[in-house]
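Here's the structure we're looking at; comments come further down.
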Amino acid sequence: MTDWNISPEEWTVIGLSLKVSVAAVALMLPISFAFAWILARWRFPGKLLLDTAVHLPLVVPPVVTGWLLLLLFGANGPIGRWLLDWFGVTLLFRWTGAALAAGIMALPLMTRAIRLSIEAVDRRLEDAARTLGAGRFRVFRTIALPLSLPGILAGAVLGFARAIGEFGATITFVSDIPGETRTLPIAIYSALQMPGAEAAVSRLAIISVILSLGALLISELLARRAATGVNSHVL
Amino acid sequence: MSFDIDVTRQHGKRRIALYHRTQARIVALIGPSGAGKTSILSMVAGLLRPDHGHVSVAGETLFDSDRRFALPPARRRLGYVFQDRRLFPHMRVRNNLLYGYTPSSPHSLDDLAGFLGIGHLLDRWPGTLSGGEAQRVAIGRALMSDPRALLMDEPLSSVDPRRKAEILDMIRHIPDISQVPILYVTHDLGEAHRLGAEIVMMT
């Protein structure tokens, strides 16, 4: 039987995991939407290269992604130094760094889901809006965006589920610091290293399964709505 | 001059062309499917670019290849009624009708809904409308945008046969209430006659 008395440290882990994942999605949503839009709508040489680059975190070992983040955002990395010099900010060993790592790992999944929903928008409706006097931005705001919204939400929830489970890139980039970067998977890994922590491992494992499952379920429901919803009612 | 159209466009091996100048209030473009009728409407609306020629509607030049001039579709003020209607599925009928509304429009929503017989549909979603109802809404949406002309692409193609005469009669009266000329695409000569339209054959 699992002991369900969640300790204050474990509550911190859960709270931190949620904070990191929400921040990761918030950070990556506009970026993945921009990538998804470019990949769905633009034609340019090198598109395949961009497509591949966006999907890279899906296939590269997470520890390599973490190491690359370390190179870029570390105190001596080009972006890390710039952030430190100009804003006095460092992401290293901070929860913000964990959010960045989780966001990068979630980017391909989010981009994919959003791209599919943008591709599903009926372009003929956008032509109709143009003949009614709508300029490019109004067509985007009133037609393309609302019609792809279920897919955007599905992508966000999927990204959240991915971020909740993120381990390899995070531990490589921001290490395991209780209260700052110790998210659910890292806490489970740490507990596994300690003798007699089986109860804590089961509790945290079950919580992470419930969170990920819930997010996946919501994402699937939204994606179904995107596929069979408003787009199929076009007359 | 209501319509002054002289356009050509190479479409694969086919050459789509139309030359027509007229003062008529309703012009019917007639021809078999594949003759390029819809392409002509799209070129007039600015959704398709002619290789060469010019388009003027109600005295306003919209396209002229010699002057390298092409107004974007959003600024052409042409009410395009598509064969597949293209009502916005995520907006209720009322918001579909108001989408292109400008204060310069001579119509109020209530007047136009009354004329088209769609007053009772304003709060419905497009997906719940019958073919005839959806077509009336599509015509209303085009008229609400204060167009300089209407472009209609086979508007009766998926309308219940019993409702066709009714809608044709309504279309015939549009130039009276709206002062806009109509370029009407059909494959049915009978429709054109019933509209009292000037007939242009495309082959």
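Letters for chains follow the order of the structure tokens (A, B, ...), residue numbers begin at 1 for each chain, and ligand numbers begin at 1 in the order shown.
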Distance table requested - segment 47-100 of chain B against segment 176-182 of chain B, cut-off 10 Å, only C-alpha atoms: one row per qualifying residue with the closest atom pair and its distance in Å to one decimal, ordered by chain and rising residue number, as a Markdown table.
```
| residue | atom | partner | partner_atom | distance |
| --- | --- | --- | --- | --- |
| B:Val57 | CA | B:Pro181 | CA | 8.9 |
| B:Ala58 | CA | B:Pro181 | CA | 7.9 |
| B:Leu78 | CA | B:Val180 | CA | 9.7 |
| B:Gly79 | CA | B:Ile182 | CA | 9.3 |
| B:Tyr80 | CA | B:Ile182 | CA | 9.9 |
```
Handout entry: Selection: 9 Å around segment 146-162 of chain A, only C-alpha atoms, excl. self and same-chain fewer than 2 positions, as a PyMOL selection string
Key = (chain A and resi 18+21-22+24-26+28-29+33+102-103+105-122+140-144+164-166+211-216+218-227+229-231) or (chain B and resi 89-90)
Fill in the blank from the handout: atom CA of Phe167 of chain A sits from atom CA of Thr52 of chain A at a separation of 22.6 Å
Handout entry: All residues 8 Å or closer to segment 33-37 of chain B, only C-alpha atoms, same chain fewer than 3 positions away omitted, as a ChimeraX atom specification
Key = /B:16,29-30,40-41,185,187,202-203
Exercise for the section: Taking only C-alpha atoms into account, report as a ChimeraX atom specification which residues of chain B lie within 6 Å of chain A. Expected result: /B:73-75,85-86,89,100,127
